[in-house]
Amino acid sequence: MTTLEPLAGPSRPDAAALQAAVERACAGSAFLRAKFAAAGVRPDEDLARLPFTTKQEIREIPFLEYAAVPAERIVRIHSSSGTTGRRTICAYTARDIDDWAEMFARCYTYAGVTARDRVQLMVGYGLWTAGVGFQAGAERLGAMTVPTGPGNTEMQLEMMREVGTTVFGATSSFALLIAELVEQRGLCAELALRTALVGSERWGDATRARIEALLGVETFDIYGMTELWGPGTGIECERHDGIHIWSDHYHVEIIDPETLQPVPPGTVGEVVVTTLAKEATPLIRYRTRDLSYLYADPCPCGSPYPRIGRIQGRSDDQVKVRGVIFLPAQVDVVLAEVDGAGSEFQAHVERDGNGRDLLTVRVEGDGRPGLAEALRRRLREKIGLSVDLDLVAEGTLPRSERKTQRVFDHRDL
Ligand SMILES: [Zn+2]
């Protein structure tokens with residue numbers, strides 16, 4: 001078992017460790033070996049020369065062919081939902097599970113959670129990575145876990161009161177749902193909540209401010225994905241300025257998704273990860289499709305772990321409207337700036353009879369005079385396009401228990 005040292009660890013990966021990890025992955029994985037041979041690349045070459053791995057490859061290759069260890073060393077698998085086609089299956093050795101619990105315990109420590117906390121886990125169990133990951137980390141820390149799983153809001157509130165829950169883990173969609181329910185019922189004073197670890201989808205500052213205000217909690221944005229263990233592979237510190245990533249377990253590059261070349265710190269690009277010690281399904285230059293950027297400087301909190309920006313979106317949920325790239329994160333920024341705007345929105349892209357793209361942003365707001373005009377003007381400035389604005393009352397747009405869809409592209413492309 002590895003020890004928990006929240007503030008220890010390298011700020012940049014050791015080149016020898018990175019190379020050893022790639023060589024180990026290729027030695028064990030029939031798929032990676034064949035792939036490197038086909039590309040005419042040796043595992044001991046510079047990382048920048050190695051081929052990328054895509055989500056599609058991981059989804060299509062039978063996981064035992066991808067795995068870098070024999071099946072008898074695999075103790076568990078997890079799988080993410082397949083919105084298109086096959087599910088993605090990722091495998092874990094006993095050591096992988098142990099490393100994940102250690103990383104997740106570190107996340108809780110960064111969020112100020114201790115063994116005295118009672119942690120309610122309103123996230124998916126079963127094949128999903130969230131529930132078991134959140135639980136293993138909390139137990140490693142010595143906290144009391146309350147594994148309620150997602151959904152069933154009545155039971156969630158009942159357990160919060162009964163147990164005196166101080167911390168919860170949830171998607172931002174579900175956290176908002178709970179927060180609004182607590183507000184409607186006037187329950188906030190009866191609850192002991194103080195901290196929330198929120199992740200699995202991009203969420204804006206307006207949503208965040210609303211969850212924090214309604215529940216009286218401090219929220220921490222937590223990072224992860226099934227292919228990279230699951231949630232718990234990075235989190236904000238108390239400064240809430242970027243996500244610390246556990247660089248002793250994986251290396252991050254940020255690339256331009258079109259040229260595939262690295263971009264400098266501060267420039268938004270696609271997050272590419274290479275795992276350093278993951279045994280069963282290691283990743284080599286895996287294109288996550290998450291959009292973020294690297295910070296050039298160490299965090300003033302004193303952590304040796306580097307930071308990436310909060311996730312700006314996914315390279316596959318950015319859409320081009322009249323030749324301009326539109327990202328849902330741009331709307332989030334505007335909603336956090338304009339007084340009277342709510343946190344929830346949908347963006348609809350359509351094409352009119354003349355072949356012209358139309359962008360309609362449907363936003364919740366409190367209906368104060370001038371709000372629609374202020375939003376329309378700021379959205380046009382931020383996105384660089386004129387926008388049709390559809391202002392609706394707060395609570396009108398659908399709340400989801402898992403992830404909320406923001407962009408609806410109705411064009412026949
Ligand atoms: Zn920090």
# chains A, B, ... in the order shown; residues from 1 in each chain; ligands from 1
$ residues_near_ligand --ligand "ligand 1" --cutoff "9 Å" --atoms "only C-alpha atoms and all ligand atoms" --output "number ranges by chain"
A: 110, 236-244, 298-307
$ residues_around --residues "stretch 23-37 of chain A" --least-positions-apart "4" --cutoff "7 Å" --atoms "only C-alpha atoms" --output "list in words"
Gln19, Val41, Arg42, Pro43, Asp44, Glu65, Tyr66, Ala67, Ala68, Val69 and Pro282 of chain A
$ atom_distance --atom1 "atom CA of A:Arg362" --atom2 "atom CA of A:Arg380"
14.0 Å
$ closest_residue --among "A:Leu121, A:Leu228, A:Val113, A:Ala196" --to "A:His78" --atoms "only C-alpha atoms"
A:Leu228
$ residues_around --residues "A:Val319" --least-positions-apart "2" --cutoff "12 Å" --atoms "only C-alpha atoms" --output "list in words"
Gly313, Arg314, Ser315, Asp316, Asp317, Val321, Arg322, Gly323, Val324, Ile325, Phe326, Leu327, Pro328, Ala329, Ala347, His348, Val349, Glu350, Asp357, Leu359, Ile383, Arg406, Val407, Phe408, Asp409, His410, Arg411 and Leu413 of chain A
$ select_by_dssp --residues "stretch 38-137 of chain A" --states "strand (DSSP E)" --output "VMD selection string"
chain A and resid 74 to 80 88 to 93 118 to 121
$ write_last_selection --atoms "C-alpha atoms" --output "PDB file, in the first residue's frame"
ATOM      1  CA  ILE A  74      -7.024  -7.942 -13.709  1.00  0.00           C
ATOM      2  CA  VAL A  75      -9.209  -7.625 -10.621  1.00  0.00           C
ATOM      3  CA  ARG A  76     -11.921  -5.304 -11.933  1.00  0.00           C
ATOM      4  CA  ILE A  77     -13.229  -3.557 -15.011  1.00  0.00           C
ATOM      5  CA  HIS A  78     -15.209  -0.353 -15.413  1.00  0.00           C
ATOM      6  CA  SER A  79     -17.024   0.974 -18.399  1.00  0.00           C
ATOM      7  CA  SER A  80     -18.235   4.356 -19.538  1.00  0.00           C
ATOM      8  CA  THR A  88     -15.336   1.805 -23.454  1.00  0.00           C
ATOM      9  CA  ILE A  89     -13.986  -0.858 -21.086  1.00  0.00           C
ATOM     10  CA  CYS A  90     -11.009  -0.140 -18.837  1.00  0.00           C
ATOM     11  CA  ALA A  91      -9.288  -2.697 -16.611  1.00  0.00           C
ATOM     12  CA  TYR A  92      -7.525  -2.466 -13.254  1.00  0.00           C
ATOM     13  CA  THR A  93      -4.953  -4.543 -11.426  1.00  0.00           C
ATOM     14  CA  ARG A 118     -19.276  12.334   6.679  1.00  0.00           C
ATOM     15  CA  VAL A 119     -19.196  12.015   2.936  1.00  0.00           C
ATOM     16  CA  GLN A 120     -22.396  11.389   0.949  1.00  0.00           C
ATOM     17  CA  LEU A 121     -21.715   9.952  -2.494  1.00  0.00           C
TER      18      LEU A 121
END
$ closest_residue --among "A:Glu258, A:Glu394, A:Asp412, A:Asp290" --to "A:Ser200" --atoms "only C-alpha atoms"
A:Asp290
$ residues_around --residues "A:Tyr293" --least-positions-apart "6" --cutoff "7 Å" --atoms "only C-alpha atoms" --output "PyMOL selection string"
chain A and resi 254+265-269+308-309
$ atom_distance --atom1 "atom CA of A:Pro264" --atom2 "atom CA of A:Asp297"
12.4 Å
$ residues_around --residues "stretch 208-215 of chain A" --least-positions-apart "2" --cutoff "8 Å" --atoms "only C-alpha atoms" --output "NGL selection string"
:A and (172 or 175-176 or 179-180 or 182-183 or 188 or 193 or 203-206 or 217-219 or 343)
$ closest_residue --among "A:Val22, A:Leu177, A:Met225, A:Met144" --to "A:Ala130" --atoms "only C-alpha atoms"
A:Met225
$ select_by_dssp --residues "stretch 127-293 of chain A" --states "alpha helix (DSSP H)" --output "PDB file with N, CA and C atoms, in the first residue's frame"
ATOM      1  N   ALA A 130     -17.382   6.479 -10.898  1.00  0.00           N
ATOM      2  CA  ALA A 130     -17.500   7.528  -9.885  1.00  0.00           C
ATOM      3  C   ALA A 130     -17.706   6.986  -8.475  1.00  0.00           C
ATOM      4  N   GLY A 131     -18.776   6.201  -8.278  1.00  0.00           N
ATOM      5  CA  GLY A 131     -19.151   5.786  -6.932  1.00  0.00           C
ATOM      6  C   GLY A 131     -18.035   5.097  -6.189  1.00  0.00           C
ATOM      7  N   VAL A 132     -17.489   4.055  -6.798  1.00  0.00           N
ATOM      8  CA  VAL A 132     -16.470   3.261  -6.115  1.00  0.00           C
ATOM      9  C   VAL A 132     -15.180   4.062  -5.926  1.00  0.00           C
ATOM     10  N   GLY A 133     -14.898   4.987  -6.857  1.00  0.00           N
ATOM     11  CA  GLY A 133     -13.709   5.828  -6.733  1.00  0.00           C
ATOM     12  C   GLY A 133     -13.840   6.808  -5.576  1.00  0.00           C
ATOM     13  N   PHE A 134     -14.965   7.519  -5.534  1.00  0.00           N
ATOM     14  CA  PHE A 134     -15.224   8.464  -4.443  1.00  0.00           C
ATOM     15  C   PHE A 134     -15.198   7.739  -3.101  1.00  0.00           C
ATOM     16  N   GLN A 135     -15.754   6.530  -3.088  1.00  0.00           N
ATOM     17  CA  GLN A 135     -15.850   5.790  -1.834  1.00  0.00           C
ATOM     18  C   GLN A 135     -14.480   5.298  -1.353  1.00  0.00           C
ATOM     19  N   ALA A 136     -13.693   4.732  -2.285  1.00  0.00           N
ATOM     20  CA  ALA A 136     -12.374   4.209  -1.894  1.00  0.00           C
ATOM     21  C   ALA A 136     -11.483   5.334  -1.355  1.00  0.00           C
ATOM     22  N   GLY A 137     -11.558   6.514  -1.994  1.00  0.00           N
ATOM     23  CA  GLY A 137     -10.734   7.643  -1.546  1.00  0.00           C
ATOM     24  C   GLY A 137     -11.133   8.107  -0.158  1.00  0.00           C
ATOM     25  N   ALA A 138     -12.437   8.183   0.083  1.00  0.00           N
ATOM     26  CA  ALA A 138     -12.930   8.658   1.382  1.00  0.00           C
ATOM     27  C   ALA A 138     -12.578   7.655   2.477  1.00  0.00           C
ATOM     28  N   GLU A 139     -12.694   6.366   2.146  1.00  0.00           N
ATOM     29  CA  GLU A 139     -12.363   5.343   3.139  1.00  0.00           C
ATOM     30  C   GLU A 139     -10.866   5.312   3.430  1.00  0.00           C
ATOM     31  N   ARG A 140     -10.065   5.528   2.376  1.00  0.00           N
ATOM     32  CA  ARG A 140      -8.607   5.585   2.571  1.00  0.00           C
ATOM     33  C   ARG A 140      -8.246   6.713   3.536  1.00  0.00           C
ATOM     34  N   LEU A 141      -8.992   7.800   3.422  1.00  0.00           N
ATOM     35  CA  LEU A 141      -8.762   8.958   4.289  1.00  0.00           C
ATOM     36  C   LEU A 141      -9.271   8.699   5.704  1.00  0.00           C
ATOM     37  N   THR A 153     -33.964  12.044  -4.829  1.00  0.00           N
ATOM     38  CA  THR A 153     -33.653  13.252  -4.060  1.00  0.00           C
ATOM     39  C   THR A 153     -34.210  13.213  -2.635  1.00  0.00           C
ATOM     40  N   GLU A 154     -35.385  12.592  -2.454  1.00  0.00           N
ATOM     41  CA  GLU A 154     -35.971  12.531  -1.095  1.00  0.00           C
ATOM     42  C   GLU A 154     -35.046  11.770  -0.153  1.00  0.00           C
ATOM     43  N   MET A 155     -34.556  10.622  -0.649  1.00  0.00           N
ATOM     44  CA  MET A 155     -33.662   9.802   0.177  1.00  0.00           C
ATOM     45  C   MET A 155     -32.353  10.565   0.455  1.00  0.00           C
ATOM     46  N   GLN A 156     -31.871  11.319  -0.534  1.00  0.00           N
ATOM     47  CA  GLN A 156     -30.632  12.086  -0.334  1.00  0.00           C
ATOM     48  C   GLN A 156     -30.797  13.074   0.822  1.00  0.00           C
ATOM     49  N   LEU A 157     -31.920  13.801   0.803  1.00  0.00           N
ATOM     50  CA  LEU A 157     -32.144  14.815   1.847  1.00  0.00           C
ATOM     51  C   LEU A 157     -32.319  14.149   3.209  1.00  0.00           C
ATOM     52  N   GLU A 158     -33.031  13.023   3.199  1.00  0.00           N
ATOM     53  CA  GLU A 158     -33.254  12.279   4.446  1.00  0.00           C
ATOM     54  C   GLU A 158     -31.913  11.840   5.062  1.00  0.00           C
ATOM     55  N   MET A 159     -31.023  11.306   4.201  1.00  0.00           N
ATOM     56  CA  MET A 159     -29.724  10.844   4.710  1.00  0.00           C
ATOM     57  C   MET A 159     -28.865  12.019   5.166  1.00  0.00           C
ATOM     58  N   MET A 160     -28.942  13.127   4.449  1.00  0.00           N
ATOM     59  CA  MET A 160     -28.156  14.299   4.865  1.00  0.00           C
ATOM     60  C   MET A 160     -28.539  14.725   6.278  1.00  0.00           C
ATOM     61  N   ARG A 161     -29.838  14.689   6.553  1.00  0.00           N
ATOM     62  CA  ARG A 161     -30.303  15.105   7.892  1.00  0.00           C
ATOM     63  C   ARG A 161     -29.979  14.060   8.948  1.00  0.00           C
ATOM     64  N   GLU A 162     -30.265  12.803   8.586  1.00  0.00           N
ATOM     65  CA  GLU A 162     -30.083  11.688   9.516  1.00  0.00           C
ATOM     66  C   GLU A 162     -28.612  11.513   9.929  1.00  0.00           C
ATOM     67  N   VAL A 163     -27.723  11.593   8.939  1.00  0.00           N
ATOM     68  CA  VAL A 163     -26.308  11.284   9.169  1.00  0.00           C
ATOM     69  C   VAL A 163     -25.505  12.529   9.573  1.00  0.00           C
ATOM     70  N   SER A 172     -22.382  18.366 -11.326  1.00  0.00           N
ATOM     71  CA  SER A 172     -22.898  19.716 -11.086  1.00  0.00           C
ATOM     72  C   SER A 172     -24.403  19.763 -11.334  1.00  0.00           C
ATOM     73  N   SER A 173     -24.894  18.968 -12.295  1.00  0.00           N
ATOM     74  CA  SER A 173     -26.336  18.948 -12.571  1.00  0.00           C
ATOM     75  C   SER A 173     -27.107  18.480 -11.344  1.00  0.00           C
ATOM     76  N   PHE A 174     -26.619  17.407 -10.737  1.00  0.00           N
ATOM     77  CA  PHE A 174     -27.345  16.871  -9.581  1.00  0.00           C
ATOM     78  C   PHE A 174     -27.167  17.765  -8.360  1.00  0.00           C
ATOM     79  N   ALA A 175     -25.983  18.353  -8.215  1.00  0.00           N
ATOM     80  CA  ALA A 175     -25.755  19.271  -7.089  1.00  0.00           C
ATOM     81  C   ALA A 175     -26.728  20.446  -7.180  1.00  0.00           C
ATOM     82  N   LEU A 176     -26.962  20.938  -8.397  1.00  0.00           N
ATOM     83  CA  LEU A 176     -27.890  22.060  -8.581  1.00  0.00           C
ATOM     84  C   LEU A 176     -29.322  21.638  -8.243  1.00  0.00           C
ATOM     85  N   LEU A 177     -29.673  20.434  -8.700  1.00  0.00           N
ATOM     86  CA  LEU A 177     -31.013  19.906  -8.418  1.00  0.00           C
ATOM     87  C   LEU A 177     -31.264  19.849  -6.905  1.00  0.00           C
ATOM     88  N   ILE A 178     -30.292  19.310  -6.173  1.00  0.00           N
ATOM     89  CA  ILE A 178     -30.391  19.200  -4.717  1.00  0.00           C
ATOM     90  C   ILE A 178     -30.438  20.589  -4.077  1.00  0.00           C
ATOM     91  N   ALA A 179     -29.570  21.489  -4.571  1.00  0.00           N
ATOM     92  CA  ALA A 179     -29.495  22.838  -3.996  1.00  0.00           C
ATOM     93  C   ALA A 179     -30.834  23.560  -4.138  1.00  0.00           C
ATOM     94  N   GLU A 180     -31.454  23.439  -5.296  1.00  0.00           N
ATOM     95  CA  GLU A 180     -32.731  24.132  -5.521  1.00  0.00           C
ATOM     96  C   GLU A 180     -33.843  23.532  -4.657  1.00  0.00           C
ATOM     97  N   LEU A 181     -33.766  22.221  -4.458  1.00  0.00           N
ATOM     98  CA  LEU A 181     -34.760  21.554  -3.622  1.00  0.00           C
ATOM     99  C   LEU A 181     -34.605  21.982  -2.156  1.00  0.00           C
ATOM    100  N   VAL A 182     -33.361  22.064  -1.709  1.00  0.00           N
ATOM    101  CA  VAL A 182     -33.084  22.500  -0.338  1.00  0.00           C
ATOM    102  C   VAL A 182     -33.602  23.923  -0.131  1.00  0.00           C
ATOM    103  N   GLU A 183     -33.404  24.763  -1.148  1.00  0.00           N
ATOM    104  CA  GLU A 183     -33.877  26.144  -1.052  1.00  0.00           C
ATOM    105  C   GLU A 183     -35.414  26.196  -0.981  1.00  0.00           C
ATOM    106  N   GLN A 184     -36.062  25.454  -1.896  1.00  0.00           N
ATOM    107  CA  GLN A 184     -37.537  25.448  -1.926  1.00  0.00           C
ATOM    108  C   GLN A 184     -38.128  25.016  -0.592  1.00  0.00           C
ATOM    109  N   ARG A 185     -37.492  24.051   0.044  1.00  0.00           N
ATOM    110  CA  ARG A 185     -38.026  23.522   1.299  1.00  0.00           C
ATOM    111  C   ARG A 185     -37.491  24.279   2.518  1.00  0.00           C
ATOM    112  N   ASP A 205     -19.221  29.213 -13.828  1.00  0.00           N
ATOM    113  CA  ASP A 205     -19.143  29.926 -12.552  1.00  0.00           C
ATOM    114  C   ASP A 205     -20.512  30.315 -12.010  1.00  0.00           C
ATOM    115  N   ALA A 206     -21.487  30.534 -12.930  1.00  0.00           N
ATOM    116  CA  ALA A 206     -22.824  30.915 -12.460  1.00  0.00           C
ATOM    117  C   ALA A 206     -23.486  29.733 -11.744  1.00  0.00           C
ATOM    118  N   THR A 207     -23.352  28.542 -12.323  1.00  0.00           N
ATOM    119  CA  THR A 207     -23.905  27.336 -11.692  1.00  0.00           C
ATOM    120  C   THR A 207     -23.224  27.116 -10.346  1.00  0.00           C
ATOM    121  N   ARG A 208     -21.921  27.307 -10.367  1.00  0.00           N
ATOM    122  CA  ARG A 208     -21.132  27.101  -9.160  1.00  0.00           C
ATOM    123  C   ARG A 208     -21.559  28.067  -8.046  1.00  0.00           C
ATOM    124  N   ALA A 209     -21.711  29.335  -8.403  1.00  0.00           N
ATOM    125  CA  ALA A 209     -22.093  30.339  -7.407  1.00  0.00           C
ATOM    126  C   ALA A 209     -23.468  30.009  -6.832  1.00  0.00           C
ATOM    127  N   ARG A 210     -24.360  29.510  -7.688  1.00  0.00           N
ATOM    128  CA  ARG A 210     -25.714  29.189  -7.233  1.00  0.00           C
ATOM    129  C   ARG A 210     -25.698  28.000  -6.256  1.00  0.00           C
ATOM    130  N   ILE A 211     -24.949  26.957  -6.590  1.00  0.00           N
ATOM    131  CA  ILE A 211     -24.856  25.788  -5.695  1.00  0.00           C
ATOM    132  C   ILE A 211     -24.271  26.222  -4.346  1.00  0.00           C
ATOM    133  N   GLU A 212     -23.211  27.034  -4.397  1.00  0.00           N
ATOM    134  CA  GLU A 212     -22.543  27.451  -3.157  1.00  0.00           C
ATOM    135  C   GLU A 212     -23.454  28.320  -2.292  1.00  0.00           C
ATOM    136  N   ALA A 213     -24.192  29.236  -2.965  1.00  0.00           N
ATOM    137  CA  ALA A 213     -25.058  30.145  -2.209  1.00  0.00           C
ATOM    138  C   ALA A 213     -26.242  29.406  -1.596  1.00  0.00           C
ATOM    139  N   LEU A 214     -26.858  28.512  -2.377  1.00  0.00           N
ATOM    140  CA  LEU A 214     -28.068  27.842  -1.881  1.00  0.00           C
ATOM    141  C   LEU A 214     -27.761  26.834  -0.783  1.00  0.00           C
ATOM    142  N   LEU A 215     -26.579  26.210  -0.845  1.00  0.00           N
ATOM    143  CA  LEU A 215     -26.264  25.165   0.146  1.00  0.00           C
ATOM    144  C   LEU A 215     -25.277  25.625   1.215  1.00  0.00           C
TER     145      LEU A 215
END
$ residues_around --residues "A:Leu197" --least-positions-apart "4" --cutoff "8 Å" --atoms "only C-alpha atoms" --output "PyMOL selection string"
chain A and resi 111+167-170+219-222
$ write_last_selection --atoms "N, CA, C and O atoms" --output "PDB file, in the first residue's frame"
ATOM      1  N   ALA A 111      -9.268  19.273  -0.708  1.00  0.00           N
ATOM      2  CA  ALA A 111     -10.547  19.955  -0.467  1.00  0.00           C
ATOM      3  C   ALA A 111     -10.784  20.163   1.029  1.00  0.00           C
ATOM      4  O   ALA A 111     -11.870  20.603   1.434  1.00  0.00           O
ATOM      5  N   VAL A 167     -19.979  16.564   3.709  1.00  0.00           N
ATOM      6  CA  VAL A 167     -19.349  16.654   2.389  1.00  0.00           C
ATOM      7  C   VAL A 167     -20.175  15.807   1.427  1.00  0.00           C
ATOM      8  O   VAL A 167     -20.686  14.760   1.812  1.00  0.00           O
ATOM      9  N   PHE A 168     -20.320  16.283   0.187  1.00  0.00           N
ATOM     10  CA  PHE A 168     -20.919  15.370  -0.795  1.00  0.00           C
ATOM     11  C   PHE A 168     -20.151  15.403  -2.099  1.00  0.00           C
ATOM     12  O   PHE A 168     -19.435  16.354  -2.404  1.00  0.00           O
ATOM     13  N   GLY A 169     -20.323  14.324  -2.867  1.00  0.00           N
ATOM     14  CA  GLY A 169     -19.764  14.233  -4.218  1.00  0.00           C
ATOM     15  C   GLY A 169     -20.930  14.109  -5.177  1.00  0.00           C
ATOM     16  O   GLY A 169     -21.866  13.342  -4.906  1.00  0.00           O
ATOM     17  N   ALA A 170     -20.910  14.868  -6.280  1.00  0.00           N
ATOM     18  CA  ALA A 170     -22.019  14.829  -7.241  1.00  0.00           C
ATOM     19  C   ALA A 170     -21.593  15.446  -8.563  1.00  0.00           C
ATOM     20  O   ALA A 170     -20.573  16.128  -8.632  1.00  0.00           O
ATOM     21  N   THR A 219     -17.256  24.601  -3.052  1.00  0.00           N
ATOM     22  CA  THR A 219     -17.181  23.510  -4.032  1.00  0.00           C
ATOM     23  C   THR A 219     -15.759  23.391  -4.580  1.00  0.00           C
ATOM     24  O   THR A 219     -15.048  24.389  -4.714  1.00  0.00           O
ATOM     25  N   PHE A 220     -15.367  22.166  -4.886  1.00  0.00           N
ATOM     26  CA  PHE A 220     -14.073  21.873  -5.497  1.00  0.00           C
ATOM     27  C   PHE A 220     -14.320  21.111  -6.788  1.00  0.00           C
ATOM     28  O   PHE A 220     -15.006  20.092  -6.784  1.00  0.00           O
ATOM     29  N   ASP A 221     -13.765  21.621  -7.872  1.00  0.00           N
ATOM     30  CA  ASP A 221     -13.924  20.983  -9.178  1.00  0.00           C
ATOM     31  C   ASP A 221     -12.953  19.805  -9.249  1.00  0.00           C
ATOM     32  O   ASP A 221     -11.734  19.988  -9.141  1.00  0.00           O
ATOM     33  N   ILE A 222     -13.483  18.608  -9.420  1.00  0.00           N
ATOM     34  CA  ILE A 222     -12.644  17.406  -9.443  1.00  0.00           C
ATOM     35  C   ILE A 222     -12.577  16.864 -10.863  1.00  0.00           C
ATOM     36  O   ILE A 222     -13.546  16.935 -11.603  1.00  0.00           O
TER      37      ILE A 222
END
$ atom_distance --atom1 "atom CA of A:Ser292" --atom2 "atom CA of A:Tyr250"
16.0 Å
$ residues_around --residues "A:Gly342" --least-positions-apart "6" --cutoff "7 Å" --atoms "only C-alpha atoms" --output "list in words"
Leu335, Val363, Glu364, Gly365 and Glu394 of chain A
$ write_last_selection --atoms "all heavy atoms" --output "PDB file, in the first residue's frame"
ATOM      1  N   LEU A 335     -22.960  34.511 -18.300  1.00  0.00           N
ATOM      2  CA  LEU A 335     -23.996  34.359 -17.269  1.00  0.00           C
ATOM      3  C   LEU A 335     -23.463  34.736 -15.887  1.00  0.00           C
ATOM      4  O   LEU A 335     -24.195  35.268 -15.052  1.00  0.00           O
ATOM      5  CB  LEU A 335     -24.537  32.919 -17.240  1.00  0.00           C
ATOM      6  CG  LEU A 335     -25.255  32.453 -18.510  1.00  0.00           C
ATOM      7  CD1 LEU A 335     -25.866  31.081 -18.298  1.00  0.00           C
ATOM      8  CD2 LEU A 335     -26.321  33.443 -18.935  1.00  0.00           C
ATOM      9  N   VAL A 363     -31.855  31.190 -22.071  1.00  0.00           N
ATOM     10  CA  VAL A 363     -31.221  31.440 -20.768  1.00  0.00           C
ATOM     11  C   VAL A 363     -32.288  31.661 -19.703  1.00  0.00           C
ATOM     12  O   VAL A 363     -33.304  32.301 -19.970  1.00  0.00           O
ATOM     13  CB  VAL A 363     -30.350  32.726 -20.835  1.00  0.00           C
ATOM     14  CG1 VAL A 363     -29.677  32.983 -19.506  1.00  0.00           C
ATOM     15  CG2 VAL A 363     -29.324  32.632 -21.925  1.00  0.00           C
ATOM     16  N   GLU A 364     -32.033  31.174 -18.516  1.00  0.00           N
ATOM     17  CA  GLU A 364     -32.920  31.498 -17.400  1.00  0.00           C
ATOM     18  C   GLU A 364     -32.501  32.832 -16.797  1.00  0.00           C
ATOM     19  O   GLU A 364     -31.315  33.150 -16.735  1.00  0.00           O
ATOM     20  CB  GLU A 364     -32.829  30.417 -16.312  1.00  0.00           C
ATOM     21  CG  GLU A 364     -33.428  29.105 -16.747  1.00  0.00           C
ATOM     22  CD  GLU A 364     -33.489  28.083 -15.620  1.00  0.00           C
ATOM     23  OE1 GLU A 364     -33.049  28.397 -14.491  1.00  0.00           O
ATOM     24  OE2 GLU A 364     -33.975  26.976 -15.872  1.00  0.00           O
ATOM     25  N   GLY A 365     -33.508  33.619 -16.382  1.00  0.00           N
ATOM     26  CA  GLY A 365     -33.191  34.902 -15.761  1.00  0.00           C
ATOM     27  C   GLY A 365     -34.334  35.346 -14.881  1.00  0.00           C
ATOM     28  O   GLY A 365     -35.409  34.734 -14.894  1.00  0.00           O
ATOM     29  N   GLU A 394     -36.607  31.344 -14.243  1.00  0.00           N
ATOM     30  CA  GLU A 394     -35.744  30.413 -13.522  1.00  0.00           C
ATOM     31  C   GLU A 394     -36.476  29.122 -13.196  1.00  0.00           C
ATOM     32  O   GLU A 394     -37.650  29.154 -12.826  1.00  0.00           O
ATOM     33  CB  GLU A 394     -35.201  31.059 -12.243  1.00  0.00           C
ATOM     34  CG  GLU A 394     -34.017  31.931 -12.579  1.00  0.00           C
ATOM     35  CD  GLU A 394     -33.274  32.459 -11.364  1.00  0.00           C
ATOM     36  OE1 GLU A 394     -33.653  32.127 -10.244  1.00  0.00           O
ATOM     37  OE2 GLU A 394     -32.307  33.210 -11.580  1.00  0.00           O
TER      38      GLU A 394
END
$ closest_residue --among "A:Asp14, A:Glu72, A:Asp390, A:Asp96" --to "A:His251" --atoms "only C-alpha atoms"
A:Asp14
$ closest_residue --among "A:Gly40, A:Tyr295, A:Arg86, A:Thr281" --to "A:Val263" --atoms "only C-alpha atoms"
A:Tyr295
$ closest_residue --among "A:Pro231, A:Lys382, A:Glu45, A:Gln261" --to "A:Ala105" --atoms "only C-alpha atoms"
A:Pro231
